[in-house]
>>> print(open('input_22.pdb').read())   # PDB, C-alpha atoms
ATOM      1  CA  MET W   1     117.158 138.581 107.360
ATOM      2  CA  GLU W   2     113.603 139.874 107.026
ATOM      3  CA  LYS W   3     113.675 142.035 110.165
ATOM      4  CA  PRO W   4     116.981 143.817 109.347
ATOM      5  CA  LEU W   5     115.790 144.358 105.783
ATOM      6  CA  PHE W   6     112.508 145.859 107.001
ATOM      7  CA  PHE W   7     114.405 148.127 109.387
ATOM      8  CA  PHE W   8     116.797 149.436 106.777
ATOM      9  CA  VAL W   9     113.859 150.173 104.480
ATOM     10  CA  CYS W  10     112.280 152.199 107.302
ATOM     11  CA  ALA W  11     115.580 153.965 107.945
ATOM     12  CA  PHE W  12     115.852 154.861 104.259
ATOM     13  CA  ILE W  13     112.333 156.286 104.318
ATOM     14  CA  LEU W  14     113.210 158.218 107.470
ATOM     15  CA  VAL W  15     116.194 159.922 105.869
ATOM     16  CA  SER W  16     114.634 160.454 102.453
ATOM     17  CA  THR W  17     111.406 162.015 103.729
ATOM     18  CA  LEU W  18     113.198 164.593 105.831
ATOM     19  CA  SER W  19     114.978 166.291 102.955
ATOM     20  CA  PHE W  20     112.877 169.465 102.867
ATOM     21  CA  SER W  21     114.136 172.525 104.696
ATOM     22  CA  SER W  22     112.761 175.898 105.549
ATOM     23  CA  ALA W  23     113.916 179.118 107.156
ATOM     24  CA  LEU W  24     110.833 178.914 109.349
ATOM     25  CA  THR W  25     109.456 175.865 111.108
ATOM     26  CA  LEU W  26     106.197 176.017 113.057
ATOM     27  CA  GLU W  27     104.896 173.624 115.686
ATOM     28  CA  ARG W  28     101.692 171.831 114.812
ATOM     29  CA  ASP W  29      98.583 173.278 116.520
ATOM     30  CA  VAL W  30     100.695 175.820 118.453
ATOM     31  CA  ASP W  31     102.357 178.391 116.191
ATOM     32  CA  ASP W  32     100.086 180.143 113.767
ATOM     33  CA  THR W  33     101.973 183.260 112.654
ATOM     34  CA  ILE W  34     104.531 183.315 109.879
ATOM     35  CA  THR W  35     107.003 186.161 110.027
ATOM     36  CA  PHE W  36     109.160 186.706 106.960
ATOM     37  CA  PRO W  37     111.557 189.374 105.627
ATOM     38  CA  VAL W  38     110.367 191.539 102.763
ATOM     39  CA  THR W  39     113.653 193.327 102.177
ATOM     40  CA  PHE W  40     114.274 191.894  98.724
ATOM     41  CA  ASN W  41     116.302 195.003  98.138
ATOM     42  CA  GLY W  42     117.257 196.918 101.298
ATOM     43  CA  SER W  43     116.367 200.276  99.785
ATOM     44  CA  HIS W  44     112.816 199.179  98.998
ATOM     45  CA  ALA W  45     111.447 198.042 102.369
ATOM     46  CA  ALA W  46     109.914 200.907 104.286
ATOM     47  CA  ALA W  47     106.698 201.990 105.920
ATOM     48  CA  GLY W  48     103.918 201.760 103.397
ATOM     49  CA  THR W  49     105.100 198.455 101.947
ATOM     50  CA  THR W  50     102.220 196.098 101.207
ATOM     51  CA  CYS W  51     102.501 192.363 100.677
ATOM     52  CA  LYS W  52     100.115 189.732  99.386
ATOM     53  CA  LEU W  53     100.666 186.018  99.581
ATOM     54  CA  SER W  54      99.225 182.623  98.857
ATOM     55  CA  ILE W  55      99.827 179.497 100.952
ATOM     56  CA  ILE W  56     100.009 176.067  99.345
ATOM     57  CA  TYR W  57      99.538 172.922 101.447
ATOM     58  CA  PRO W  58     102.063 170.058 101.227
ATOM     59  CA  ASN W  59      99.569 168.224  98.992
ATOM     60  CA  GLN W  60      99.667 171.220  96.602
ATOM     61  CA  THR W  61      96.144 172.458  97.372
ATOM     62  CA  LEU W  62      95.534 176.090  98.297
ATOM     63  CA  MET W  63      95.040 177.210 101.876
ATOM     64  CA  VAL W  64      94.635 180.896 101.005
ATOM     65  CA  GLU W  65      95.181 182.862  97.840
ATOM     66  CA  ASN W  66      96.313 186.443  97.344
ATOM     67  CA  VAL W  67      95.646 187.631 100.912
ATOM     68  CA  ALA W  68      97.252 190.653 102.543
ATOM     69  CA  ALA W  69     100.046 190.304 105.068
ATOM     70  CA  THR W  70     100.736 192.903 107.732
ATOM     71  CA  TYR W  71     103.972 194.833 107.216
ATOM     72  CA  THR W  72     105.460 195.752 110.597
ATOM     73  CA  GLY W  73     107.659 198.596 109.381
ATOM     74  CA  SER W  74     110.871 196.866 110.499
ATOM     75  CA  GLY W  75     111.692 194.895 107.414
ATOM     76  CA  VAL W  76     109.365 191.990 108.096
ATOM     77  CA  ALA W  77     105.766 191.085 107.404
ATOM     78  CA  GLN W  78     103.446 188.826 109.370
ATOM     79  CA  TYR W  79     100.484 186.650 108.550
ATOM     80  CA  THR W  80      98.419 184.415 110.845
ATOM     81  CA  ILE W  81      97.639 181.190 109.041
ATOM     82  CA  PRO W  82      94.102 179.781 109.390
ATOM     83  CA  ASP W  83      95.195 176.127 109.547
ATOM     84  CA  ASN W  84      98.327 174.727 111.185
ATOM     85  CA  SER W  85      97.244 171.132 111.769
ATOM     86  CA  ILE W  86      98.905 169.472 108.775
ATOM     87  CA  ASP W  87     102.590 168.564 108.857
ATOM     88  CA  GLY W  88     104.921 169.134 105.960
ATOM     89  CA  PRO W  89     106.551 171.812 103.785
ATOM     90  CA  TYR W  90     104.378 174.742 102.681
ATOM     91  CA  LYS W  91     105.017 176.989  99.698
ATOM     92  CA  VAL W  92     104.289 180.690 100.145
ATOM     93  CA  PRO W  93     104.677 182.762  96.990
ATOM     94  CA  LEU W  94     104.317 186.449  97.777
ATOM     95  CA  SER W  95     104.468 189.831  96.093
ATOM     96  CA  CYS W  96     105.369 193.083  97.816
ATOM     97  CA  THR W  97     104.742 196.592  96.578
ATOM     98  CA  PHE W  98     107.077 199.228  97.971
ATOM     99  CA  PRO W  99     106.410 202.937  98.539
ATOM    100  CA  THR W 100     108.396 203.710  95.394
ATOM    101  CA  GLY W 101     105.737 201.903  93.379
ATOM    102  CA  GLU W 102     108.042 199.054  92.513
ATOM    103  CA  SER W 103     106.968 195.450  93.076
ATOM    104  CA  GLU W 104     108.989 192.317  93.603
ATOM    105  CA  ASP W 105     108.057 188.670  93.924
ATOM    106  CA  GLY W 106     109.543 186.217  96.375
ATOM    107  CA  ASN W 107     108.580 183.418  98.709
ATOM    108  CA  ALA W 108     108.249 182.815 102.453
ATOM    109  CA  ASN W 109     108.175 179.021 102.497
ATOM    110  CA  PHE W 110     107.820 177.349 105.881
ATOM    111  CA  ALA W 111     107.280 173.922 107.380
ATOM    112  CA  ILE W 112     105.037 172.511 110.113
ATOM    113  CA  THR W 113     106.198 169.623 112.288
ATOM    114  CA  PRO W 114     104.809 168.095 115.495
ATOM    115  CA  ASN W 115     107.544 169.640 117.650
ATOM    116  CA  GLY W 116     108.552 172.676 115.610
ATOM    117  CA  GLU W 117     111.848 171.102 114.559
ATOM    118  CA  ILE W 118     113.204 169.596 111.372
ATOM    119  CA  LEU W 119     115.509 166.647 111.813
ATOM    120  CA  SER W 120     119.091 167.416 110.842
ATOM    121  CA  GLY W 121     121.607 164.870 109.606
ATOM    122  CA  ALA W 122     123.249 164.657 113.026
ATOM    123  CA  SER W 123     119.933 164.215 114.824
ATOM    124  CA  ALA W 124     118.835 161.622 112.292
ATOM    125  CA  SER W 125     121.998 159.656 113.046
ATOM    126  CA  VAL W 126     121.149 159.673 116.764
ATOM    127  CA  TYR W 127     117.586 158.427 116.253
ATOM    128  CA  VAL W 128     118.547 155.831 113.633
ATOM    129  CA  GLY W 129     121.471 154.709 115.804
ATOM    130  CA  LEU W 130     119.183 154.245 118.804
ATOM    131  CA  ILE W 131     116.750 152.206 116.729
ATOM    132  CA  ILE W 132     119.607 150.045 115.400
ATOM    133  CA  ILE W 133     120.926 149.417 118.932
ATOM    134  CA  LEU W 134     117.493 148.426 120.234
ATOM    135  CA  LEU W 135     116.883 146.161 117.249
ATOM    136  CA  ALA W 136     120.304 144.524 117.674
ATOM    137  CA  ILE W 137     119.621 143.907 121.376
ATOM    138  CA  LEU W 138     116.218 142.427 120.540
ATOM    139  CA  VAL W 139     117.699 140.072 117.920
ATOM    140  CA  LEU W 140     120.463 138.942 120.302
ATOM    141  CA  VAL W 141     117.992 138.297 123.117
ATOM    142  CA  LEU W 142     115.684 136.305 120.836
ATOM    143  CA  TRP W 143     118.689 134.329 119.616
ATOM    144  CA  GLY W 144     119.488 133.579 123.259
ATOM    145  CA  VAL W 145     115.920 132.366 123.810
ATOM    146  CA  VAL W 146     116.161 129.963 120.872
ATOM    147  CA  THR W 147     119.630 128.603 121.651
ATOM    148  CA  SER W 148     119.505 128.404 125.458
ATOM    149  CA  ASP W 149     118.931 124.994 127.045
ATOM    150  CA  SER W 150     118.154 126.452 130.462
ATOM    151  CA  PHE W 151     114.469 126.839 131.263
ATOM    152  CA  GLY W 152     115.191 129.722 133.635
ATOM    153  CA  TRP W 153     117.253 131.577 131.029
ATOM    154  CA  LYS W 154     114.571 131.051 128.380
ATOM    155  CA  MET W 155     111.890 132.570 130.623
ATOM    156  CA  GLY W 156     114.103 135.455 131.710
ATOM    157  CA  LEU W 157     115.244 136.278 128.183
ATOM    158  CA  THR W 158     111.680 136.029 126.864
ATOM    159  CA  SER W 159     110.515 138.593 129.405
ATOM    160  CA  PHE W 160     113.474 140.860 128.652
ATOM    161  CA  ALA W 161     112.827 140.572 124.895
ATOM    162  CA  TYR W 162     109.245 141.701 125.440
ATOM    163  CA  ILE W 163     110.412 144.793 127.336
ATOM    164  CA  VAL W 164     113.009 145.644 124.662
ATOM    165  CA  ALA W 165     110.394 145.200 121.929
ATOM    166  CA  ASN W 166     108.054 147.575 123.757
ATOM    167  CA  ILE W 167     110.804 150.230 124.046
ATOM    168  CA  PHE W 168     111.729 149.695 120.382
ATOM    169  CA  LEU W 169     108.140 150.329 119.278
ATOM    170  CA  LEU W 170     107.968 153.431 121.498
ATOM    171  CA  VAL W 171     111.132 154.914 119.962
ATOM    172  CA  CYS W 172     109.911 154.127 116.428
ATOM    173  CA  TRP W 173     106.535 155.710 117.182
ATOM    174  CA  LYS W 174     108.014 158.895 118.658
ATOM    175  CA  THR W 175     110.520 159.204 115.817
ATOM    176  CA  ALA W 176     107.770 158.804 113.224
ATOM    177  CA  GLU W 177     105.469 161.186 115.114
ATOM    178  CA  SER W 178     108.106 163.917 115.361
ATOM    179  CA  PHE W 179     109.846 163.681 112.009
ATOM    180  CA  LEU W 180     108.222 161.299 109.515
ATOM    181  CA  THR W 181     105.640 163.830 108.452
ATOM    182  CA  ALA W 182     105.667 162.654 104.831
ATOM    183  CA  VAL W 183     104.778 159.069 105.809
ATOM    184  CA  PRO W 184     101.988 159.447 108.404
ATOM    185  CA  PHE W 185     100.913 155.786 108.264
ATOM    186  CA  LEU W 186     104.182 154.770 109.960
ATOM    187  CA  GLU W 187     103.293 156.866 113.014
ATOM    188  CA  ILE W 188      99.880 155.191 113.176
ATOM    189  CA  LEU W 189     101.382 151.730 112.679
ATOM    190  CA  PHE W 190     104.003 152.031 115.424
ATOM    191  CA  HIS W 191     101.550 153.748 117.772
ATOM    192  CA  VAL W 192      99.007 150.936 117.394
ATOM    193  CA  LEU W 193     101.698 148.265 117.843
ATOM    194  CA  TRP W 194     103.003 150.030 120.958
ATOM    195  CA  ILE W 195      99.497 150.242 122.450
ATOM    196  CA  ILE W 196      98.952 146.541 121.737
ATOM    197  CA  SER W 197     102.279 145.651 123.366
ATOM    198  CA  ASN W 198     101.307 147.651 126.459
ATOM    199  CA  ALA W 199      97.892 146.023 126.623
ATOM    200  CA  CYS W 200      99.535 142.592 126.512
ATOM    201  CA  TYR W 201     102.020 143.298 129.312
ATOM    202  CA  ILE W 202      99.927 141.816 132.139
ATOM    203  CA  PRO W 203      98.605 138.780 130.185
ATOM    204  CA  MET W 204     102.112 138.045 128.913
ATOM    205  CA  PHE W 205     103.820 138.110 132.301
ATOM    206  CA  LEU W 206     100.944 136.248 133.952
ATOM    207  CA  GLY W 207     101.344 133.632 131.250
ATOM    208  CA  VAL W 208     105.087 133.398 131.927
ATOM    209  CA  ILE W 209     104.464 132.958 135.661
ATOM    210  CA  ALA W 210     101.768 130.341 135.036
ATOM    211  CA  TYR W 211     104.021 128.442 132.616
ATOM    212  CA  MET W 212     106.871 128.489 135.141
ATOM    213  CA  LEU W 213     104.591 127.133 137.870
ATOM    214  CA  PHE W 214     103.345 124.326 135.608
ATOM    215  CA  HIS W 215     106.918 123.521 134.640
ATOM    216  CA  MET W 216     108.005 123.412 138.283
ATOM    217  CA  THR W 217     105.061 121.122 139.062
ATOM    218  CA  ASP W 218     105.977 118.797 136.181
ATOM    219  CA  GLU W 219     109.610 118.662 137.275
ATOM    220  CA  LYS W 220     108.514 117.806 140.804
ATOM    221  CA  ASN W 221     106.276 114.999 139.490
ATOM    222  CA  ILE W 222     109.126 113.679 137.346
ATOM    223  CA  GLU W 223     111.468 113.614 140.329
ATOM    224  CA  THR W 224     108.825 111.769 142.380
ATOM    225  CA  LEU W 225     108.346 109.119 139.683
ATOM    226  CA  MET W 226     112.097 108.671 139.267
ATOM    227  CA  ASP W 227     112.392 108.131 143.016
ATOM    228  CA  ARG W 228     109.870 105.305 142.600
ATOM    229  CA  GLY W 229     112.082 103.572 140.050
ATOM    230  CA  PHE W 230     110.926 104.957 136.713
ATOM    231  CA  THR W 231     113.496 106.114 134.173
ATOM    232  CA  GLU W 232     113.566 109.779 133.293
ATOM    233  CA  ASP W 233     111.972 109.154 129.873
ATOM    234  CA  GLN W 234     109.214 107.071 131.437
ATOM    235  CA  ALA W 235     108.627 109.691 134.113
ATOM    236  CA  ARG W 236     108.371 112.476 131.545
ATOM    237  CA  TRP W 237     106.027 110.381 129.369
ATOM    238  CA  ARG W 238     103.714 109.632 132.303
ATOM    239  CA  THR W 239     103.777 113.306 133.372
ATOM    240  CA  LYS W 240     102.798 114.523 129.908
ATOM    241  CA  ARG W 241      99.838 112.115 129.810
ATOM    242  CA  LYS W 242      98.284 113.670 132.921
TER     243      LYS W 242
END
>>> encode(input="input_22.pdb", output="C-alpha coordinates")
Amino acid sequence: MEKPLFFFVCAFILVSTLSFSSALTLERDVDDTITFPVTFNGSHAAAGTTCKLSIIYPNQTLMVENVAATYTGSGVAQYTIPDNSIDGPYKVPLSCTFPTGESEDGNANFAITPNGEILSGASASVYVGLIIILLAILVLVLWGVVTSDSFGWKMGLTSFAYIVANIFLLVCWKTAESFLTAVPFLEILFHVLWIISNACYIPMFLGVIAYMLFHMTDEKNIETLMDRGFTEDQARWRTKRK
(Lines of atoms letter the chains of each structure in order from A and count residues from 1; the text may use other names and numbers.)
(Lines give C-alpha, C1' and ligand atoms only; values in the text may rest on other atoms or scores of the structure.)
Protein backbone atom coordinates (compact mmCIF):
# COMPACT_ATOMS: atom_id res chain seq x y z
CA MET A 1 0.00 0.00 0.00
CA GLU A 2 2.97 2.33 0.40
CA LYS A 3 3.51 2.93 -3.32
CA PRO A 4 -0.15 3.79 -4.12
CA LEU A 5 -0.27 6.04 -1.06
CA PHE A 6 2.91 7.85 -2.15
CA PHE A 7 1.49 8.29 -5.65
CA PHE A 8 -1.80 9.74 -4.50
CA VAL A 9 0.07 12.18 -2.27
CA CYS A 10 2.07 13.29 -5.32
CA ALA A 11 -1.11 13.56 -7.37
CA PHE A 12 -2.70 15.72 -4.67
CA ILE A 13 0.34 18.00 -4.67
CA LEU A 14 0.18 18.15 -8.47
CA VAL A 15 -3.42 19.36 -8.49
CA SER A 16 -3.14 21.66 -5.48
CA THR A 17 -0.01 23.48 -6.66
CA LEU A 18 -1.48 24.33 -10.03
CA SER A 19 -4.35 26.40 -8.71
CA PHE A 20 -3.00 29.82 -9.69
CA SER A 21 -4.14 31.36 -12.95
CA SER A 22 -3.20 34.36 -14.98
CA ALA A 23 -4.34 36.16 -18.10
CA LEU A 24 -0.74 36.04 -19.27
CA THR A 25 1.65 33.12 -19.08
CA LEU A 26 5.27 33.46 -20.17
CA GLU A 27 7.75 30.73 -21.05
CA ARG A 28 10.78 30.50 -18.82
CA ASP A 29 13.95 32.01 -20.33
CA VAL A 30 12.14 32.80 -23.61
CA ASP A 31 9.41 35.43 -23.20
CA ASP A 32 10.45 38.60 -21.47
CA THR A 33 7.77 41.17 -22.35
CA ILE A 34 4.50 41.55 -20.51
CA THR A 35 1.74 43.20 -22.47
CA PHE A 36 -1.34 44.24 -20.52
CA PRO A 37 -4.48 46.36 -21.10
CA VAL A 38 -4.67 49.73 -19.41
CA THR A 39 -8.23 50.52 -20.40
CA PHE A 40 -9.65 50.47 -16.89
CA ASN A 41 -12.28 52.78 -18.24
CA GLY A 42 -12.51 52.89 -22.05
CA SER A 43 -12.77 56.67 -22.14
CA HIS A 44 -9.51 57.11 -20.23
CA ALA A 45 -6.97 55.19 -22.32
CA ALA A 46 -5.45 57.37 -25.00
CA ALA A 47 -2.13 58.63 -26.26
CA GLY A 48 -0.30 60.28 -23.42
CA THR A 49 -1.26 57.64 -20.87
CA THR A 50 1.61 56.77 -18.55
CA CYS A 51 1.85 53.66 -16.40
CA LYS A 52 4.14 52.62 -13.58
CA LEU A 53 4.36 49.16 -12.12
CA SER A 54 6.08 46.95 -9.62
CA ILE A 55 6.74 43.22 -10.09
CA ILE A 56 6.68 40.84 -7.14
CA TYR A 57 8.35 37.42 -7.39
CA PRO A 58 6.45 34.27 -6.37
CA ASN A 59 8.39 34.32 -3.08
CA GLN A 60 7.01 37.84 -2.45
CA THR A 61 10.31 39.67 -2.97
CA LEU A 62 10.52 42.63 -5.34
CA MET A 63 11.91 42.33 -8.85
CA VAL A 64 11.35 45.99 -9.74
CA GLU A 65 9.48 48.78 -8.04
CA ASN A 66 7.62 51.74 -9.52
CA VAL A 67 9.16 51.55 -13.01
CA ALA A 68 7.64 53.03 -16.15
CA ALA A 69 5.90 50.87 -18.72
CA THR A 70 5.63 51.85 -22.37
CA TYR A 71 2.11 52.75 -23.48
CA THR A 72 1.63 51.74 -27.12
CA GLY A 73 -1.32 54.03 -27.85
CA SER A 74 -3.64 51.11 -28.65
CA GLY A 75 -5.03 50.38 -25.24
CA VAL A 76 -2.12 48.30 -24.00
CA ALA A 77 1.17 48.88 -22.26
CA GLN A 78 4.36 46.85 -22.42
CA TYR A 79 7.25 46.19 -20.10
CA THR A 80 10.30 43.96 -20.62
CA ILE A 81 11.04 42.13 -17.40
CA PRO A 82 14.70 41.84 -16.33
CA ASP A 83 14.39 38.28 -14.98
CA ASN A 84 12.24 35.47 -16.37
CA SER A 85 14.08 32.45 -14.97
CA ILE A 86 11.89 31.71 -11.95
CA ASP A 87 8.64 29.77 -12.35
CA GLY A 88 5.45 30.71 -10.59
CA PRO A 89 2.76 33.41 -10.30
CA TYR A 90 3.91 37.04 -10.28
CA LYS A 91 1.97 39.98 -8.89
CA VAL A 92 2.12 43.23 -10.85
CA PRO A 93 0.39 46.16 -9.19
CA LEU A 94 0.31 49.15 -11.51
CA SER A 95 -0.98 52.70 -11.67
CA CYS A 96 -1.86 54.56 -14.86
CA THR A 97 -2.30 58.28 -15.30
CA PHE A 98 -4.50 59.30 -18.21
CA PRO A 99 -4.37 62.48 -20.29
CA THR A 100 -7.35 63.80 -18.35
CA GLY A 101 -5.19 63.85 -15.23
CA GLU A 102 -7.10 61.03 -13.62
CA SER A 103 -5.27 58.01 -12.21
CA GLU A 104 -6.42 54.48 -11.61
CA ASP A 105 -4.80 51.47 -9.99
CA GLY A 106 -4.96 47.92 -11.25
CA ASN A 107 -2.82 44.86 -11.76
CA ALA A 108 -1.22 42.95 -14.63
CA ASN A 109 -0.45 39.67 -12.89
CA PHE A 110 1.25 36.98 -14.95
CA ALA A 111 2.84 33.58 -14.53
CA ILE A 112 6.05 31.95 -15.76
CA THR A 113 6.18 28.23 -16.52
CA PRO A 114 8.76 26.05 -18.29
CA ASN A 115 6.62 25.70 -21.42
CA GLY A 116 4.49 28.83 -21.29
CA GLU A 117 1.37 26.89 -20.31
CA ILE A 118 -0.63 26.45 -17.14
CA LEU A 119 -2.11 23.02 -16.61
CA SER A 120 -5.89 22.99 -16.86
CA GLY A 121 -8.17 20.52 -15.11
CA ALA A 122 -8.57 18.47 -18.29
CA SER A 123 -4.84 18.38 -18.96
CA ALA A 124 -4.15 17.47 -15.35
CA SER A 125 -6.50 14.51 -15.72
CA VAL A 126 -4.54 13.30 -18.75
CA TYR A 127 -1.16 13.51 -17.01
CA VAL A 128 -2.41 12.01 -13.74
CA GLY A 129 -4.25 9.29 -15.67
CA LEU A 130 -1.08 8.39 -17.58
CA ILE A 131 0.89 8.18 -14.35
CA ILE A 132 -1.80 5.98 -12.77
CA ILE A 133 -1.80 3.63 -15.78
CA LEU A 134 1.99 3.29 -15.75
CA LEU A 135 2.02 2.70 -12.00
CA ALA A 136 -0.73 0.08 -12.29
CA ILE A 137 1.19 -1.72 -15.05
CA LEU A 138 4.36 -1.64 -12.95
CA VAL A 139 2.57 -3.08 -9.90
CA LEU A 140 0.96 -5.85 -11.98
CA VAL A 141 4.26 -6.78 -13.60
CA LEU A 142 6.05 -6.89 -10.24
CA TRP A 143 3.22 -9.03 -8.87
CA GLY A 144 3.77 -11.37 -11.82
CA VAL A 145 7.48 -11.56 -11.01
CA VAL A 146 6.76 -12.54 -7.40
CA THR A 147 4.02 -15.08 -8.14
CA SER A 148 5.38 -16.73 -11.30
CA ASP A 149 7.03 -20.14 -10.96
CA SER A 150 8.57 -20.01 -14.42
CA PHE A 151 12.19 -18.88 -14.55
CA GLY A 152 11.75 -17.54 -18.08
CA TRP A 153 8.67 -15.53 -17.12
CA LYS A 154 10.42 -14.11 -14.05
CA MET A 155 13.36 -12.88 -16.15
CA GLY A 156 11.12 -11.49 -18.88
CA LEU A 157 8.79 -9.71 -16.46
CA THR A 158 11.74 -8.32 -14.49
CA SER A 159 13.17 -6.76 -17.64
CA PHE A 160 9.76 -5.40 -18.65
CA ALA A 161 9.23 -3.95 -15.15
CA TYR A 162 12.53 -2.11 -15.42
CA ILE A 163 11.49 -0.54 -18.73
CA VAL A 164 8.07 0.48 -17.35
CA ALA A 165 9.72 1.97 -14.26
CA ASN A 166 12.05 4.01 -16.47
CA ILE A 167 9.10 5.36 -18.52
CA PHE A 168 7.18 6.08 -15.30
CA LEU A 169 10.06 8.15 -13.92
CA LEU A 170 10.36 10.00 -17.25
CA VAL A 171 6.66 10.94 -17.26
CA CYS A 172 6.82 12.04 -13.60
CA TRP A 173 9.92 14.13 -14.31
CA LYS A 174 8.44 15.85 -17.36
CA THR A 175 5.15 16.49 -15.57
CA ALA A 176 6.96 18.01 -12.59
CA GLU A 177 9.27 20.02 -14.87
CA SER A 178 6.40 21.49 -16.89
CA PHE A 179 3.76 22.09 -14.25
CA LEU A 180 4.91 21.51 -10.66
CA THR A 181 6.53 24.91 -10.40
CA ALA A 182 5.57 25.33 -6.74
CA VAL A 183 7.35 22.10 -5.73
CA PRO A 184 10.70 22.24 -7.58
CA PHE A 185 12.32 19.45 -5.53
CA LEU A 186 9.99 16.91 -7.17
CA GLU A 187 11.41 17.78 -10.60
CA ILE A 188 14.94 17.29 -9.27
CA LEU A 189 14.01 14.04 -7.53
CA PHE A 190 12.38 12.41 -10.56
CA HIS A 191 15.10 13.71 -12.89
CA VAL A 192 17.86 12.19 -10.74
CA LEU A 193 15.97 8.89 -10.42
CA TRP A 194 15.43 8.78 -14.19
CA ILE A 195 19.13 9.43 -14.86
CA ILE A 196 20.07 6.68 -12.41
CA SER A 197 17.65 4.25 -14.07
CA ASN A 198 19.18 5.04 -17.47
CA ALA A 199 22.70 4.60 -16.16
CA CYS A 200 21.76 1.18 -14.79
CA TYR A 201 20.20 -0.08 -18.03
CA ILE A 202 23.31 -1.86 -19.35
CA PRO A 203 24.47 -3.31 -15.98
CA MET A 204 20.93 -4.50 -15.26
CA PHE A 205 20.40 -6.31 -18.55
CA LEU A 206 23.94 -7.71 -18.52
CA GLY A 207 23.18 -9.02 -15.05
CA VAL A 208 19.95 -10.62 -16.28
CA ILE A 209 21.80 -12.30 -19.17
CA ALA A 210 24.58 -13.50 -16.86
CA TYR A 211 22.06 -14.86 -14.34
CA MET A 212 20.19 -16.69 -17.12
CA LEU A 213 23.43 -18.26 -18.37
CA PHE A 214 24.38 -19.42 -14.86
CA HIS A 215 20.89 -20.81 -14.37
CA MET A 216 21.05 -22.68 -17.68
CA THR A 217 24.45 -24.08 -16.68
CA ASP A 218 23.10 -25.23 -13.30
CA GLU A 219 20.09 -26.88 -14.92
CA LYS A 220 22.38 -28.70 -17.33
CA ASN A 221 24.55 -29.92 -14.44
CA ILE A 222 21.46 -31.08 -12.55
CA GLU A 223 20.23 -33.03 -15.56
CA THR A 224 23.68 -34.64 -15.93
CA LEU A 225 23.75 -35.72 -12.28
CA MET A 226 20.20 -37.08 -12.47
CA ASP A 227 21.21 -39.13 -15.50
CA ARG A 228 23.94 -40.64 -13.32
CA GLY A 229 21.38 -41.80 -10.76
CA PHE A 230 21.15 -38.92 -8.30
CA THR A 231 17.75 -37.68 -7.17
CA GLU A 232 16.74 -34.18 -8.14
CA ASP A 233 17.26 -32.88 -4.58
CA GLN A 234 20.70 -34.47 -4.40
CA ALA A 235 21.62 -33.09 -7.81
CA ARG A 236 20.54 -29.58 -6.85
CA TRP A 237 22.41 -29.81 -3.52
CA ARG A 238 25.63 -30.93 -5.23
CA THR A 239 25.25 -28.19 -7.88
CA LYS A 240 24.85 -25.46 -5.26
CA ARG A 241 28.00 -26.61 -3.46
CA LYS A 242 30.16 -26.04 -6.55
>>> resolve_selection(input="input_22.pdb", expression="the PyMOL selection byres ((chain W and resi 76-84) around 10)", output="ChimeraX atom specification")
/W:26-39,45-46,49-53,55,57,63-64,67-75,85-87,96,108,111-113
>>> write_last_selection(input="input_22.pdb", atoms="C-alpha atoms", output="CSV table (one decimal), in the coordinates of the input")
chain,number,residue,atom,x,y,z
W,26,LEU,CA,106.2,176.0,113.1
W,27,GLU,CA,104.9,173.6,115.7
W,28,ARG,CA,101.7,171.8,114.8
W,29,ASP,CA,98.6,173.3,116.5
W,30,VAL,CA,100.7,175.8,118.5
W,31,ASP,CA,102.4,178.4,116.2
W,32,ASP,CA,100.1,180.1,113.8
W,33,THR,CA,102.0,183.3,112.7
W,34,ILE,CA,104.5,183.3,109.9
W,35,THR,CA,107.0,186.2,110.0
W,36,PHE,CA,109.2,186.7,107.0
W,37,PRO,CA,111.6,189.4,105.6
W,38,VAL,CA,110.4,191.5,102.8
W,39,THR,CA,113.7,193.3,102.2
W,45,ALA,CA,111.4,198.0,102.4
W,46,ALA,CA,109.9,200.9,104.3
W,49,THR,CA,105.1,198.5,101.9
W,50,THR,CA,102.2,196.1,101.2
W,51,CYS,CA,102.5,192.4,100.7
W,52,LYS,CA,100.1,189.7,99.4
W,53,LEU,CA,100.7,186.0,99.6
W,55,ILE,CA,99.8,179.5,101.0
W,57,TYR,CA,99.5,172.9,101.4
W,63,MET,CA,95.0,177.2,101.9
W,64,VAL,CA,94.6,180.9,101.0
W,67,VAL,CA,95.6,187.6,100.9
W,68,ALA,CA,97.3,190.7,102.5
W,69,ALA,CA,100.0,190.3,105.1
W,70,THR,CA,100.7,192.9,107.7
W,71,TYR,CA,104.0,194.8,107.2
W,72,THR,CA,105.5,195.8,110.6
W,73,GLY,CA,107.7,198.6,109.4
W,74,SER,CA,110.9,196.9,110.5
W,75,GLY,CA,111.7,194.9,107.4
W,85,SER,CA,97.2,171.1,111.8
W,86,ILE,CA,98.9,169.5,108.8
W,87,ASP,CA,102.6,168.6,108.9
W,96,CYS,CA,105.4,193.1,97.8
W,108,ALA,CA,108.2,182.8,102.5
W,111,ALA,CA,107.3,173.9,107.4
W,112,ILE,CA,105.0,172.5,110.1
W,113,THR,CA,106.2,169.6,112.3
>>> atom_distance(input="input_22.pdb", atom1="CA of Leu130 in chain W", atom2="CA of Leu189 in chain W")
19.0 Å
>>> axis_aligned_box(input="input_22.pdb", around="range 189-198 of chain W", padding_each_side="8 Å", output="AutoDock Vina command-line options")
--center_x 101.5 --center_y 149.7 --center_z 119.6 --size_x 21.1 --size_y 24.1 --size_z 29.8
>>> residues_around(input="input_22.pdb", residues="Val164 in chain W", least_positions_apart="2", cutoff="8 Å", atoms="all atoms listed in the file", output="list in words")
Leu134, Ile137, Leu138, Phe160, Ala161, Tyr162, Asn166, Ile167 and Phe168 of chain W
>>> atom_distance(input="input_22.pdb", atom1="CA of Tyr201 in chain W", atom2="CA of Ala165 in chain W")
11.3 Å
>>> closest_residue(input="input_22.pdb", among="W:Leu135, W:Val92, W:Ala210, W:Leu170", to="Ile195 in chain W", atoms="only C-alpha atoms")
W:Leu170
>>> atom_distance(input="input_22.pdb", atom1="CA of Ser197 in chain W", atom2="CA of Phe214 in chain W")
24.6 Å
>>> closest_residue(input="input_22.pdb", among="W:Leu169, W:Leu206, W:Ile56, W:Ala176", to="Leu193 in chain W", atoms="only C-alpha atoms")
W:Leu169
>>> closest_residue(input="input_22.pdb", among="W:Gly152, W:Gly144, W:Gly48, W:Pro203", to="Gly101 in chain W", atoms="only C-alpha atoms")
W:Gly48
